[in-house]
>>> print(open('final29.txt').read())   # compact mmCIF, C-alpha atoms and all ligand atoms
# COMPACT_ATOMS: atom_id res chain seq x y z
CA MET A 1 -38.03 131.55 127.39
CA VAL A 2 -35.30 129.32 125.88
CA GLU A 3 -37.65 129.09 122.91
CA SER A 4 -37.10 132.77 122.23
CA TYR A 5 -34.49 133.89 119.77
CA LEU A 6 -33.60 136.90 121.89
CA PHE A 7 -32.89 134.62 124.80
CA GLN A 8 -30.41 132.78 122.58
CA ILE A 9 -28.66 135.96 121.50
CA ASN A 10 -28.66 137.67 124.89
CA ASN A 11 -27.33 134.57 126.62
CA ARG A 12 -24.52 133.70 124.26
CA ILE A 13 -21.52 132.29 126.07
CA ARG A 14 -18.49 134.38 125.22
CA SER A 15 -15.88 134.12 127.97
CA LEU A 16 -13.69 131.27 129.17
CA GLU A 17 -15.19 131.45 132.65
CA GLU A 18 -18.76 131.13 131.34
CA LEU A 19 -17.77 128.26 129.09
CA LYS A 20 -15.99 126.43 131.91
CA GLY A 21 -19.21 126.67 133.88
CA ARG A 22 -20.99 124.74 131.12
CA ILE A 23 -18.54 122.16 129.79
CA LYS A 24 -15.38 120.49 130.98
CA LEU A 25 -12.46 121.84 128.97
CA THR A 26 -9.15 120.05 128.65
CA LYS A 27 -6.06 121.93 129.81
CA GLU A 28 -5.01 122.30 126.20
CA GLU A 29 -8.38 123.77 125.20
CA GLU A 30 -8.21 126.24 128.08
CA GLU A 31 -4.76 127.42 127.01
CA ALA A 32 -5.83 127.67 123.39
CA PHE A 33 -8.98 129.61 124.30
CA LYS A 34 -6.96 132.30 126.11
CA LYS A 35 -4.72 132.97 123.12
CA VAL A 36 -6.90 132.20 120.13
CA SER A 37 -10.08 134.00 121.17
CA LYS A 38 -8.12 137.28 121.28
CA VAL A 39 -7.56 136.93 117.53
CA TYR A 40 -10.65 135.04 116.41
CA PRO A 41 -13.60 135.62 118.75
CA PHE A 42 -15.59 132.95 120.49
CA ALA A 43 -19.37 132.83 120.93
CA ILE A 44 -21.96 130.09 121.24
CA THR A 45 -25.71 130.10 121.81
CA PRO A 46 -27.24 128.02 124.63
CA HIS A 47 -29.11 126.09 121.93
CA TYR A 48 -25.99 125.10 119.99
CA LEU A 49 -24.16 124.27 123.22
CA SER A 50 -27.02 121.97 124.20
CA LEU A 51 -26.28 119.84 121.12
CA MET A 52 -22.80 119.06 122.41
CA GLU A 53 -21.73 115.96 124.33
CA ARG A 54 -20.25 118.11 127.05
CA ASP A 55 -17.43 115.92 128.32
CA GLU A 56 -16.40 114.46 124.97
CA PRO A 57 -13.34 116.29 123.53
CA ASN A 58 -13.95 114.82 120.06
CA ASP A 59 -17.59 115.75 119.86
CA PRO A 60 -18.20 117.18 116.35
CA ILE A 61 -20.13 120.23 117.58
CA ARG A 62 -17.34 120.96 120.02
CA LEU A 63 -14.68 120.65 117.33
CA MET A 64 -16.54 123.17 115.17
CA VAL A 65 -16.69 125.88 117.85
CA ILE A 66 -14.09 125.52 120.59
CA PRO A 67 -10.84 127.37 119.73
CA LYS A 68 -7.80 125.21 118.99
CA ARG A 69 -4.17 126.26 119.16
CA GLU A 70 -3.70 125.14 115.53
CA GLU A 71 -5.60 128.28 114.48
CA LEU A 72 -2.55 130.39 115.30
CA ASN A 73 0.17 127.90 114.38
CA PRO A 74 2.03 129.38 111.36
CA GLU A 75 3.25 125.93 110.25
CA VAL A 76 -0.26 124.47 110.24
CA GLN A 77 -1.74 127.58 108.63
CA ARG A 78 0.84 127.77 105.84
CA GLY A 79 -0.83 128.44 102.49
CA GLY A 80 -3.92 129.91 104.12
CA GLU A 81 -5.05 133.43 103.30
CA GLU A 82 -7.49 135.81 104.93
CA ASP A 83 -9.38 136.45 101.70
CA PRO A 84 -8.26 133.91 99.08
CA PHE A 85 -11.28 134.59 96.86
CA LYS A 86 -10.75 138.34 96.73
CA GLU A 87 -14.19 139.06 98.11
CA GLU A 88 -13.27 142.51 99.31
CA GLY A 89 -13.57 144.98 96.45
CA ASP A 90 -14.07 148.72 96.04
CA ILE A 91 -17.50 148.72 97.63
CA PRO A 92 -17.48 147.47 101.23
CA HIS A 93 -19.70 144.48 102.11
CA MET A 94 -20.25 143.57 98.45
CA THR A 95 -18.84 140.91 96.09
CA HIS A 96 -19.76 140.84 92.43
CA ARG A 97 -18.03 137.76 91.07
CA TYR A 98 -20.46 136.19 88.59
CA PRO A 99 -22.21 138.62 86.23
CA ASP A 100 -25.72 137.54 87.21
CA ARG A 101 -25.22 137.35 90.99
CA LEU A 102 -24.28 139.84 93.64
CA LEU A 103 -23.46 139.03 97.25
CA ILE A 104 -24.01 141.42 100.14
CA ARG A 105 -22.44 140.77 103.55
CA VAL A 106 -25.11 142.38 105.70
CA SER A 107 -23.48 141.65 109.06
CA ASN A 108 -20.19 140.70 110.63
CA PHE A 109 -21.98 139.24 113.59
CA CYS A 110 -22.84 135.58 114.20
CA PRO A 111 -24.62 133.91 117.09
CA VAL A 112 -21.79 131.33 117.03
CA TYR A 113 -18.31 131.74 115.59
CA CYS A 114 -17.45 128.61 113.64
CA ARG A 115 -13.73 127.93 113.73
CA TYR A 116 -13.63 126.88 110.06
CA CYS A 117 -15.47 129.94 108.76
CA MET A 118 -14.37 131.16 105.32
CA ARG A 119 -14.95 134.73 106.51
CA LYS A 120 -12.95 134.55 109.74
CA ARG A 121 -11.33 137.80 108.70
CA ILE A 122 -14.50 139.83 109.20
CA PHE A 123 -15.00 138.83 112.82
CA LYS A 124 -11.86 140.51 114.05
CA GLY A 125 -13.59 143.88 114.38
CA LYS A 126 -16.56 144.99 116.43
CA GLU A 127 -19.78 143.03 115.95
CA GLY A 128 -22.24 144.96 113.85
CA ALA A 129 -24.42 145.21 110.79
CA ILE A 130 -24.19 147.02 107.49
CA SER A 131 -25.25 150.67 107.80
CA TYR A 132 -28.06 152.23 105.78
CA LYS A 133 -25.46 154.43 104.08
CA GLU A 134 -23.39 151.40 103.05
CA LEU A 135 -26.52 149.66 101.83
CA LYS A 136 -27.51 152.64 99.73
CA ARG A 137 -24.17 152.58 97.97
CA ILE A 138 -24.64 148.89 97.10
CA LEU A 139 -28.24 149.45 95.99
CA ASP A 140 -27.13 152.30 93.71
CA TYR A 141 -24.57 149.98 92.15
CA LEU A 142 -27.14 147.22 91.83
CA LYS A 143 -29.59 149.51 90.01
CA ARG A 144 -26.98 150.20 87.35
CA ARG A 145 -26.05 146.53 86.83
CA GLU A 146 -28.94 145.14 84.84
CA GLU A 147 -27.23 141.79 84.36
CA VAL A 148 -27.73 140.94 88.05
CA ARG A 149 -30.71 138.63 88.45
CA GLU A 150 -29.96 137.24 91.89
CA VAL A 151 -28.90 138.88 95.15
CA ILE A 152 -27.40 136.79 97.94
CA LEU A 153 -27.69 138.10 101.47
CA SER A 154 -24.94 136.68 103.59
CA GLY A 155 -22.69 137.71 106.44
CA GLY A 156 -21.75 136.84 109.05
CA GLU A 157 -25.25 135.81 109.70
CA PRO A 158 -27.97 137.75 107.84
CA PHE A 159 -30.80 136.77 110.21
CA VAL A 160 -29.24 138.61 113.15
CA LEU A 161 -30.61 141.77 111.52
CA SER A 162 -33.84 143.14 112.93
CA ASN A 163 -37.06 142.45 111.04
CA GLN A 164 -37.22 146.16 110.27
CA LYS A 165 -33.81 146.24 108.65
CA LEU A 166 -34.34 142.99 106.79
CA GLU A 167 -37.62 144.29 105.42
CA PHE A 168 -35.96 147.52 104.35
CA ILE A 169 -33.31 145.56 102.41
CA LEU A 170 -35.84 143.24 100.79
CA ARG A 171 -38.18 146.09 99.86
CA GLU A 172 -35.39 148.11 98.28
CA ILE A 173 -34.08 145.13 96.31
CA ARG A 174 -37.58 144.28 95.10
CA LYS A 175 -37.89 147.79 93.64
CA ILE A 176 -35.10 146.85 91.22
CA LYS A 177 -36.88 145.09 88.40
CA HIS A 178 -33.97 143.09 86.98
CA VAL A 179 -33.42 141.27 90.29
CA GLU A 180 -35.52 138.12 90.13
CA ILE A 181 -34.34 136.06 93.07
CA ILE A 182 -33.17 136.88 96.58
CA ARG A 183 -31.24 134.22 98.39
CA PHE A 184 -30.12 134.00 102.01
CA SER A 185 -27.10 132.04 103.19
CA THR A 186 -27.70 131.23 106.81
CA LYS A 187 -26.60 128.96 109.61
CA MET A 188 -29.32 130.22 111.91
CA PRO A 189 -31.48 127.05 111.62
CA ALA A 190 -28.61 125.20 113.30
CA LEU A 191 -27.42 127.87 115.75
CA ALA A 192 -30.63 129.53 116.95
CA PRO A 193 -33.58 128.05 115.03
CA GLN A 194 -35.94 129.99 117.28
CA ARG A 195 -35.34 132.96 114.96
CA PHE A 196 -37.85 131.38 112.57
CA PHE A 197 -40.53 130.99 115.20
CA ASP A 198 -41.14 134.72 114.68
CA GLN A 199 -44.36 135.09 112.64
CA LYS A 200 -43.46 138.62 111.61
CA LEU A 201 -40.19 137.46 110.05
CA LEU A 202 -41.99 134.64 108.22
CA GLU A 203 -44.55 137.12 106.87
CA ILE A 204 -41.77 139.38 105.60
CA LEU A 205 -40.01 136.50 103.86
CA GLU A 206 -43.23 135.39 102.20
CA LYS A 207 -44.11 138.91 101.12
CA TYR A 208 -40.89 139.39 99.12
CA SER A 209 -41.03 136.02 97.34
CA PRO A 210 -39.27 134.44 95.48
CA ILE A 211 -36.81 133.97 98.29
CA TYR A 212 -34.50 130.98 98.56
CA ILE A 213 -32.66 129.96 101.69
CA ASN A 214 -29.40 128.06 101.73
CA THR A 215 -28.87 126.45 105.10
CA HIS A 216 -25.53 125.35 106.50
CA PHE A 217 -25.63 122.04 108.31
CA ASN A 218 -22.35 120.13 108.34
CA HIS A 219 -23.26 117.29 110.66
CA PRO A 220 -26.52 115.41 111.32
CA ARG A 221 -26.23 116.29 115.02
CA GLU A 222 -26.75 119.96 114.15
CA ILE A 223 -30.29 119.23 112.96
CA SER A 224 -32.26 119.43 116.19
CA GLU A 225 -36.02 119.14 116.66
CA GLN A 226 -36.18 122.93 116.81
CA SER A 227 -34.23 123.09 113.54
CA GLU A 228 -36.76 120.80 111.90
CA GLU A 229 -39.58 122.95 113.22
CA ALA A 230 -37.90 126.10 111.87
CA LEU A 231 -37.34 124.48 108.46
CA GLU A 232 -40.98 123.39 108.29
CA LYS A 233 -42.14 126.93 109.03
CA LEU A 234 -39.99 128.28 106.20
CA LEU A 235 -41.22 125.64 103.78
CA ARG A 236 -44.82 126.48 104.61
CA ARG A 237 -44.08 130.03 103.48
CA GLY A 238 -43.02 128.73 100.08
CA ILE A 239 -39.28 129.11 100.61
CA PRO A 240 -37.15 126.44 98.91
CA LEU A 241 -34.36 125.13 101.15
CA ASN A 242 -30.97 123.87 100.00
CA ASN A 243 -28.05 122.93 102.19
CA GLN A 244 -24.40 123.85 101.77
CA ALA A 245 -21.99 121.81 103.86
CA VAL A 246 -18.24 122.12 104.20
CA LEU A 247 -16.06 119.03 104.32
CA LEU A 248 -14.20 119.19 107.64
CA LYS A 249 -11.42 116.92 108.82
CA GLY A 250 -12.34 114.87 111.87
CA ILE A 251 -15.90 116.23 111.86
CA ASN A 252 -17.82 115.08 108.80
CA ASP A 253 -15.23 113.34 106.63
CA GLU A 254 -16.58 109.88 107.43
CA PRO A 255 -18.81 108.65 104.56
CA GLN A 256 -21.42 107.42 107.05
CA VAL A 257 -21.68 110.89 108.58
CA GLN A 258 -22.38 112.46 105.19
CA LEU A 259 -24.90 109.76 104.41
CA GLN A 260 -26.72 110.39 107.69
CA LEU A 261 -26.59 114.14 107.08
CA SER A 262 -28.18 113.75 103.65
CA ARG A 263 -30.86 111.39 104.97
CA LYS A 264 -31.77 113.77 107.76
CA LEU A 265 -31.82 116.75 105.41
CA LEU A 266 -34.07 114.98 102.92
CA LYS A 267 -36.47 114.01 105.70
CA ALA A 268 -36.62 117.68 106.65
CA LYS A 269 -37.27 118.47 102.95
CA VAL A 270 -33.95 120.25 102.52
CA ARG A 271 -31.98 119.35 99.43
CA PRO A 272 -28.30 118.55 100.05
CA TYR A 273 -27.00 120.99 97.48
CA TYR A 274 -23.25 121.50 97.88
CA LEU A 275 -20.46 119.81 99.74
CA PHE A 276 -17.60 122.30 99.66
CA PHE A 277 -13.96 121.36 99.83
CA CYS A 278 -12.68 123.41 102.77
CA ASP A 279 -11.31 126.75 101.57
CA PRO A 280 -7.67 127.74 102.18
CA ILE A 281 -8.48 130.16 104.98
CA LYS A 282 -5.84 131.37 107.38
CA GLY A 283 -6.83 130.03 110.79
CA ALA A 284 -8.84 127.14 109.34
CA MET A 285 -6.26 125.12 107.39
CA HIS A 286 -6.31 122.30 109.97
CA PHE A 287 -9.87 121.48 108.89
CA ARG A 288 -8.81 120.64 105.34
CA THR A 289 -9.02 117.05 104.12
CA SER A 290 -7.45 115.69 100.96
CA LEU A 291 -9.35 116.66 97.81
CA GLU A 292 -9.94 112.96 97.11
CA LYS A 293 -11.80 112.53 100.41
CA GLY A 294 -14.94 114.22 99.04
CA LEU A 295 -14.87 112.01 95.94
CA GLU A 296 -14.59 108.89 98.12
CA ILE A 297 -17.60 110.06 100.11
CA LEU A 298 -19.70 110.65 97.00
CA GLU A 299 -18.70 107.26 95.62
CA PHE A 300 -19.71 105.63 98.92
CA MET A 301 -23.11 107.35 98.87
CA ARG A 302 -23.96 106.14 95.39
CA GLY A 303 -26.51 103.34 95.63
CA LYS A 304 -27.20 104.06 99.32
CA ILE A 305 -29.34 107.13 98.80
CA SER A 306 -31.18 108.53 95.79
CA GLY A 307 -29.47 111.11 93.61
CA LEU A 308 -31.57 113.71 95.39
CA GLY A 309 -29.48 113.14 98.50
CA ILE A 310 -26.06 113.37 96.86
CA PRO A 311 -24.65 116.90 97.00
CA ARG A 312 -22.44 118.42 94.33
CA TYR A 313 -18.84 118.44 95.44
CA ALA A 314 -17.44 121.91 94.80
CA LEU A 315 -14.09 123.60 95.01
CA ASP A 316 -13.69 127.37 94.97
CA LEU A 317 -10.89 128.46 92.68
CA PRO A 318 -8.39 130.97 94.06
CA GLY A 319 -8.46 134.60 93.01
CA GLY A 320 -12.26 134.75 92.75
CA LYS A 321 -12.39 132.57 89.62
CA GLY A 322 -15.53 130.78 90.77
CA LYS A 323 -16.43 127.17 91.54
CA VAL A 324 -15.58 123.92 89.84
CA PHE A 325 -17.43 120.68 90.44
CA LEU A 326 -15.83 117.32 90.99
CA SER A 327 -17.45 113.93 90.65
CA PRO A 328 -16.24 110.35 90.87
CA GLN A 329 -15.25 108.94 87.51
CA ASN A 330 -17.77 106.32 86.45
CA LEU A 331 -16.66 106.02 82.84
CA ILE A 332 -13.68 103.67 83.13
CA LYS A 333 -12.67 103.26 79.52
CA LYS A 334 -13.86 103.65 75.95
CA ARG A 335 -13.10 101.24 73.12
CA GLY A 336 -14.52 102.29 69.77
CA LYS A 337 -18.23 102.63 70.35
CA ASP A 338 -18.12 100.62 73.58
CA TYR A 339 -18.14 102.50 76.86
CA TYR A 340 -17.33 100.78 80.16
CA PHE A 341 -18.97 102.16 83.30
CA LYS A 342 -18.57 101.30 86.96
CA ALA A 343 -22.01 100.59 88.50
CA PHE A 344 -22.76 101.50 92.13
CA ASN A 345 -21.97 97.93 93.24
CA GLY A 346 -18.55 97.96 91.56
CA GLU A 347 -19.63 95.89 88.56
CA VAL A 348 -18.23 97.00 85.19
CA VAL A 349 -21.02 97.43 82.63
CA LYS A 350 -20.51 97.83 78.90
CA VAL A 351 -22.74 100.21 76.95
CA SER A 352 -22.49 100.03 73.15
CA LEU A 353 -23.55 103.18 71.36
CA GLN A 354 -24.19 102.60 67.68
S1 LIG B 1 -20.66 133.16 108.77
FE1 LIG B 1 -21.62 131.18 109.06
S2 LIG B 1 -19.91 129.74 109.13
FE2 LIG B 1 -19.08 131.80 109.48
S3 LIG B 1 -19.04 131.98 111.71
FE3 LIG B 1 -20.93 132.87 110.98
S4 LIG B 1 -22.40 131.22 111.16
FE4 LIG B 1 -20.40 130.29 111.25
>>> encode(input="final29.txt", output="structure tokens", more="lines below")
Ligand code: SF4
Amino acid sequence: MVESYLFQINNRIRSLEELKGRIKLTKEEEEAFKKVSKVYPFAITPHYLSLMERDEPNDPIRLMVIPKREELNPEVQRGGEEDPFKEEGDIPHMTHRYPDRLLIRVSNFCPVYCRYCMRKRIFKGKEGAISYKELKRILDYLKRREEVREVILSGGEPFVLSNQKLEFILREIRKIKHVEIIRFSTKMPALAPQRFFDQKLLEILEKYSPIYINTHFNHPREISEQSEEALEKLLRRGIPLNNQAVLLKGINDEPQVQLQLSRKLLKAKVRPYYLFFCDPIKGAMHFRTSLEKGLEILEFMRGKISGLGIPRYALDLPGGKGKVFLSPQNLIKKRGKDYYFKAFNGEVVKVSLQ
């Protein structure tokens, strides 16, 4: 039963009373829950809760999901915006930022509400999915925009949609010849991996290939045995998997944690793709580290894991101007045709280019 996805969704813990029955909350957490969850909702699946060290207030899973009073503190949240990347445009549920890519937010419903979410704004309303009418409007737009080669299905969580609705979306997109790739952004393999134990869903995903899936694991503890099983099932259907993590203060900003995350991802055949600097989101500013922190982590990882395991460190520019990538500076100086590089062990190595 616990292996069923529907069990996970139907038994989400949503209220303070239910949560108190499962884990020991501090007085401060209890107070924060009462106030904060009225603004930014709370939900957790039994699976994700089972990954938590229940009596440990600094447990990373706990810190990612249990409301904190900082979320509503105007001082702490200064500089944060609800939609800093101007995702909301004229057509609801759609963002067309890069010419060749179009993003559709197919739901505003998640099995778990992550406190750091860049789309916290969309969870304030009633939980639901995009309507067929709203989809049709986006599809009509998409048909006219021949420069779009990739469609990203995101949310909320896209895999909360029924198989029937997901198949409808995939089928309609596949009718549009200029769209080559469909990509999902999902945290489901961490929150309720049982979703991918559904053969029908796997068949649908295979049928509308090429489909890519970007997972969202931030901490090695999120990758459970069931997650690994779910990832394997997706890989067997020919779906490439890449991970996007967010750098979060006090959760995964220790270099060792990122190293372990990358090692675990690689073992599960998921490529650590991006490490995002935490966006300036109102309600999530307390998760931000310094910008340099990500560079220190990447520098630490060099030489300890192959390049395959080192994600690209990315920062989203405000106003919807897209991403920039940051990397540690290995070229120290240049003198004439001599270039001086810092090797992974700190040694300075001269390369003469004639
Ligand atoms: S969209 Fe993703 S990160 Fe945001 S709350 Fe949902 S599952 Fe968490």
>>> atom_distance(input="final29.txt", atom1="CA of Asn243 (chain A)", atom2="CA of Ala284 (chain A)")
20.9 Å
>>> atom_distance(input="final29.txt", atom1="CA of Phe123 (chain A)", atom2="CA of Glu71 (chain A)")
14.2 Å
>>> residues_around(input="final29.txt", residues="region 38-49 of chain A", least_positions_apart="2", cutoff="7 Å", atoms="only C-alpha atoms", output="list of chain:residue names")
A:Gln8, A:Ile9, A:Asn11, A:Arg12, A:Ile13, A:Arg14, A:Lys35, A:Val36, A:Leu51, A:Met52, A:Pro111, A:Val112, A:Tyr113, A:Phe123, A:Lys124, A:Leu191, A:Ala192
>>> atom_distance(input="final29.txt", atom1="CA of Glu31 (chain A)", atom2="CA of Cys117 (chain A)")
21.3 Å
>>> residues_around(input="final29.txt", residues="region 337-350 of chain A", least_positions_apart="6", cutoff="10 Å", atoms="all atoms listed in the file", output="VMD selection string")
chain A and resid 299 to 304 329 to 331
>>> closest_atom_pairs(input="final29.txt", of="region 181-232 of chain A", to="region 90-110 of chain A", cutoff="10 Å", atoms="only C-alpha atoms", output="CSV")
residue,atom,partner,partner_atom,distance
A:Ile181,CA,A:Arg101,CA,9.4
A:Ile182,CA,A:Arg101,CA,9.7
A:Arg183,CA,A:Leu103,CA,9.2
A:Phe184,CA,A:Leu103,CA,9.6
A:Ser185,CA,A:Leu103,CA,9.9
A:Thr186,CA,A:Cys110,CA,9.9
A:Lys187,CA,A:Cys110,CA,8.9
A:Met188,CA,A:Cys110,CA,8.7
A:Leu191,CA,A:Cys110,CA,9.1
>>> closest_residue(input="final29.txt", among="A:Glu70, A:Glu157, A:Glu75, A:Glu222", to="Ala32 (chain A)", atoms="only C-alpha atoms")
A:Glu70
>>> residues_around(input="final29.txt", residues="Ile297 (chain A)", least_positions_apart="4", cutoff="9 Å", atoms="only C-alpha atoms", output="PyMOL selection string")
chain A and resi 253-256+258-259+292-293+301-302
>>> residues_around(input="final29.txt", residues="Ile66 (chain A)", least_positions_apart="5", cutoff="8 Å", atoms="all atoms listed in the file", output="PDB file with C-alpha atoms, in the coordinates of the input")
ATOM      1  CA  GLU A  29      -8.380 123.770 125.200  1.00  0.00           C
ATOM      2  CA  PHE A  33      -8.980 129.610 124.300  1.00  0.00           C
ATOM      3  CA  PHE A  42     -15.590 132.950 120.490  1.00  0.00           C
ATOM      4  CA  ARG A 115     -13.730 127.930 113.730  1.00  0.00           C
TER       5      ARG A 115
END
>>> closest_residue(input="final29.txt", among="A:Ser209, A:Ser37, A:Thr215, A:Asn10", to="ligand LIG 1 (chain B)", atoms="all atoms listed in the file")
A:Thr215
>>> closest_residue(input="final29.txt", among="A:Pro84, A:Gly238, A:Gly125, A:Gly156", to="ligand LIG 1 (chain B)", atoms="only C-alpha atoms and all ligand atoms")
A:Gly156
